[in-house]
Number of protein chains: 2
Amino acid sequence: MVGLRERKKQRTRRALIDAALRLFDEKGFEETTLAEIAAEAEVSTRTFFSYFASKEDVLFFDGASRMALATEMIASRMPGEHVGDLLLRLVRASLQWASDDDFRLLDAPLRMRLIMTVPSLQARALHLLFDSQLQLARALEDAFSDELDPVDAAAAVGALIGATKLAVISTINRGGSLEQAEEAAVRAAQLALRGLSSIG
Amino acid sequence: MVGLRERKKQRTRRALIDAALRLFDEKGFEETTLAEIAAEAEVSTRTFFSYFASKEDVLFFDGASRMALATEMIASRMPGEHVGDLLLRLVRASLQWASDDDFRLLDAPLRMRLIMTVPSLQARALHLLFDSQLQLARALEDAFSDELDPVDAAAAVGALIGATKLAVISTINRGGSLEQAEEAAVRAAQLALRGLSSIG
DNA sequence: TAGGGATTTTCATCCATTGAAGTTTTGCAG
DNA sequence: CTGCAAAACTTCAATGGATGAAAATCCCTA
């Protein structure tokens, strides 16, 4: 199953990611060219594009696996569990994952920094965020097909993720620490669950 | 105040927008080059970039004015009005504006179609959406400075816009009409206000 | 171990975007 | 009016991301 071909592909992919992250860190995202990344990873520039669709995408190499975890968590919801409870569990779990995985942890700060400062990366990140929300909404709709229509599912996911994301970004923008950001995320999630009407 | 220079500039800007929209409509976004747009508007391609930062930006020429209306509405909130009520008014008003303005109305379907199908436009749209949410959050924070802290303001805006946007997109994705989308938007907004816990 | 599909490299090209330098147009002071 | 400075444009050149096609390699399996 795991032939040399497959192993080599993974090694190349990893080499590209490592090279890219290191160069982004040293010189900045826009300052490093694909040629440099490819050279560093010892492949041709053309090959880069058979691994990643764009320069931006290298930074989001783990998006798929994160999403897999989330949808899986939704699909295997506890019977009888309320939508809101599941969603809150999901938010907490996400915060957990973010500070788990060794490979990811190392460059989390770098990625954060880059995404916060490079416009094209912000755009890419938002796009991914949005897509995953749609996926989550569908997963939720499936898991609660008896009590949730498509619009409610979408609204629920949108409200929850929307609230947490904006709270986090706003906190970071205001110079808050990661801890404060996490705190803000949880508070925002609870606010979304309780309802905006409950403010004040 | 409105000298010849200024008038000419506006005419050029408008010419670029018109040319771009027409070409996008006829040949598609990615298929039309800046050279063609510039030629159509009778300016050099270089000049295009003194009016718009990117090819994508032409499509969002009215973003600023929309935002102005919204923040103004927030700033002039009725004294004693509850945050939630103001926000719901805001959502309804936004839906209104979208089907108002003559210039905008004409190409609304085109824009929708393009944004829904061209990845780079989706990304740009999301970026703008996000920025405006941050602006709205700040406006809200200012308007309700006595009863709302930054995190709550951000969470409120994020939840409301997040819910409505995802509900709308989800509806459209599923082949729903614009009317159904509007309906979904209002329902999502109300759900966000009432709280996700109220589902089911 | 030879053939065949998968990967990679090479080569060529397109086009968005940007900088520099020079030209035309407009607004305004004299 | 006339000349001048600023604003707006054009031309020219270059960079760099992205993609297509064909040739060269590499790995797997019969």
# chains A, B, ... in the order shown; residues from 1 in each chain; ligands from 1
>>> interface_residues(of="chain B", to="chain D", cutoff="8 Å", atoms="only C-alpha atoms (C1' of nucleotides)", output="list in words")
Val43, Ser44, Arg46 and Thr47 of chain B
>>> interface_residues(of="chain A", to="chain B", cutoff="9 Å", atoms="only C-alpha atoms", output="ChimeraX atom specification")
/A:82-85,119-120,122-128,130,133-134,137,147-148,150-171,184-185,187-189,191-200
>>> interface_residues(of="chain C", to="chain A", cutoff="12 Å", atoms="only C-alpha atoms (C1' of nucleotides)", output="mmCIF file with N, CA and C atoms (P, O5', C5', C4', C3', O3' and C1' of nucleotides), in the first residue's frame")
data_model
loop_
_atom_site.group_PDB
_atom_site.id
_atom_site.type_symbol
_atom_site.label_atom_id
_atom_site.label_comp_id
_atom_site.auth_asym_id
_atom_site.auth_seq_id
_atom_site.Cartn_x
_atom_site.Cartn_y
_atom_site.Cartn_z
ATOM 1 P P DA C 6 -1.905 6.554 -14.038
ATOM 2 O "O5'" DA C 6 -0.679 7.103 -13.180
ATOM 3 C "C5'" DA C 6 -0.175 6.314 -12.105
ATOM 4 C "C4'" DA C 6 0.979 7.052 -11.453
ATOM 5 C "C3'" DA C 6 0.693 8.516 -11.122
ATOM 6 O "O3'" DA C 6 1.370 8.828 -9.911
ATOM 7 C "C1'" DA C 6 2.500 8.398 -12.644
ATOM 8 P P DT C 7 1.068 10.205 -9.116
ATOM 9 O "O5'" DT C 7 2.419 10.991 -9.326
ATOM 10 C "C5'" DT C 7 3.438 10.396 -10.102
ATOM 11 C "C4'" DT C 7 4.754 11.078 -9.853
ATOM 12 C "C3'" DT C 7 4.688 12.563 -9.510
ATOM 13 O "O3'" DT C 7 5.826 12.895 -8.726
ATOM 14 C "C1'" DT C 7 5.585 12.281 -11.694
ATOM 15 P P DT C 8 6.169 14.438 -8.349
ATOM 16 O "O5'" DT C 8 7.155 14.834 -9.518
ATOM 17 C "C5'" DT C 8 8.253 13.963 -9.791
ATOM 18 C "C4'" DT C 8 9.213 14.602 -10.769
ATOM 19 C "C3'" DT C 8 9.389 16.118 -10.591
ATOM 20 O "O3'" DT C 8 10.778 16.412 -10.623
ATOM 21 C "C1'" DT C 8 8.752 15.618 -12.829
ATOM 22 P P DT C 9 11.267 17.960 -10.476
ATOM 23 O "O5'" DT C 9 11.640 18.215 -12.004
ATOM 24 C "C5'" DT C 9 12.411 17.221 -12.686
ATOM 25 C "C4'" DT C 9 12.666 17.640 -14.113
ATOM 26 C "C3'" DT C 9 13.079 19.114 -14.294
ATOM 27 O "O3'" DT C 9 14.166 19.159 -15.210
ATOM 28 C "C1'" DT C 9 11.189 18.619 -15.648
ATOM 29 P P DT C 10 14.997 20.531 -15.405
ATOM 30 O "O5'" DT C 10 14.711 20.868 -16.945
ATOM 31 C "C5'" DT C 10 13.852 20.012 -17.662
ATOM 32 C "C4'" DT C 10 13.619 20.523 -19.064
ATOM 33 C "C3'" DT C 10 14.005 21.980 -19.352
ATOM 34 O "O3'" DT C 10 14.364 22.055 -20.717
ATOM 35 C "C1'" DT C 10 11.649 21.751 -19.479
ATOM 36 P P DC C 11 14.987 23.350 -21.328
ATOM 37 O "O5'" DC C 11 13.723 23.934 -22.102
ATOM 38 C "C5'" DC C 11 12.831 23.018 -22.759
ATOM 39 C "C4'" DC C 11 11.714 23.794 -23.427
ATOM 40 C "C3'" DC C 11 12.009 25.283 -23.624
ATOM 41 O "O3'" DC C 11 11.545 25.648 -24.907
ATOM 42 C "C1'" DC C 11 10.036 25.032 -22.355
#
>>> residues_around(residues="Leu59 (chain B)", least_positions_apart="6", cutoff="10 Å", atoms="only C-alpha atoms (C1' of nucleotides)", output="JSON, numbers by chain")
{"B": [17, 20, 21, 24, 52, 107, 110, 111, 114, 115, 121, 124, 125]}
>>> write_last_selection(atoms="C-alpha atoms", output="short mmCIF file (atom, residue, chain, number, x, y, z; two decimals), in the first residue's frame")
data_model
loop_
_atom_site.label_atom_id
_atom_site.label_comp_id
_atom_site.auth_asym_id
_atom_site.auth_seq_id
_atom_site.Cartn_x
_atom_site.Cartn_y
_atom_site.Cartn_z
CA ILE B 17 -16.82 50.06 -14.37
CA ALA B 20 -15.60 45.84 -17.07
CA LEU B 21 -19.13 44.78 -16.22
CA PHE B 24 -17.40 40.22 -17.61
CA PHE B 52 -8.87 50.16 -8.75
CA ASP B 107 -26.10 44.45 -12.48
CA LEU B 110 -24.52 39.65 -12.81
CA ARG B 111 -22.51 40.40 -9.73
CA LEU B 114 -19.84 36.21 -10.83
CA ILE B 115 -19.20 36.16 -7.10
CA LEU B 121 -14.17 37.09 -6.41
CA ARG B 124 -12.50 39.33 -2.33
CA ALA B 125 -16.13 39.46 -1.29
#
>>> select_by_dssp(residues="region 3-83 of chain B", states="helix (DSSP H, G or I)", output="PyMOL selection string")
chain B and resi 4-27+34-41+45-51+56-60+63-75+83
>>> residues_around(residues="Ala15 (chain A)", least_positions_apart="5", cutoff="9 Å", atoms="only C-alpha atoms (C1' of nucleotides)", output="VMD selection string")
chain A and resid 10 20 40 to 42
>>> write_last_selection(atoms="N, CA and C atoms", output="PDB file, in the first residue's frame")
ATOM      1  N   GLN A  10       4.829  12.137  -0.304  1.00  0.00           N
ATOM      2  CA  GLN A  10       4.636  12.771   0.993  1.00  0.00           C
ATOM      3  C   GLN A  10       5.870  13.556   1.413  1.00  0.00           C
ATOM      4  N   ALA A  20       8.725  26.380   2.280  1.00  0.00           N
ATOM      5  CA  ALA A  20       7.889  27.571   2.188  1.00  0.00           C
ATOM      6  C   ALA A  20       7.788  28.280   3.536  1.00  0.00           C
ATOM      7  N   GLU A  40      14.541  25.385  -2.871  1.00  0.00           N
ATOM      8  CA  GLU A  40      14.795  24.916  -1.510  1.00  0.00           C
ATOM      9  C   GLU A  40      14.312  23.471  -1.320  1.00  0.00           C
ATOM     10  N   ALA A  41      13.197  23.149  -1.952  1.00  0.00           N
ATOM     11  CA  ALA A  41      12.646  21.802  -1.807  1.00  0.00           C
ATOM     12  C   ALA A  41      13.216  20.864  -2.868  1.00  0.00           C
ATOM     13  N   GLU A  42      14.073  21.407  -3.706  1.00  0.00           N
ATOM     14  CA  GLU A  42      14.700  20.619  -4.772  1.00  0.00           C
ATOM     15  C   GLU A  42      13.718  19.970  -5.729  1.00  0.00           C
TER      16      GLU A  42
END
>>> atom_distance(atom1="CA of Asp142 (chain A)", atom2="CA of Ala75 (chain A)")
7.7 Å
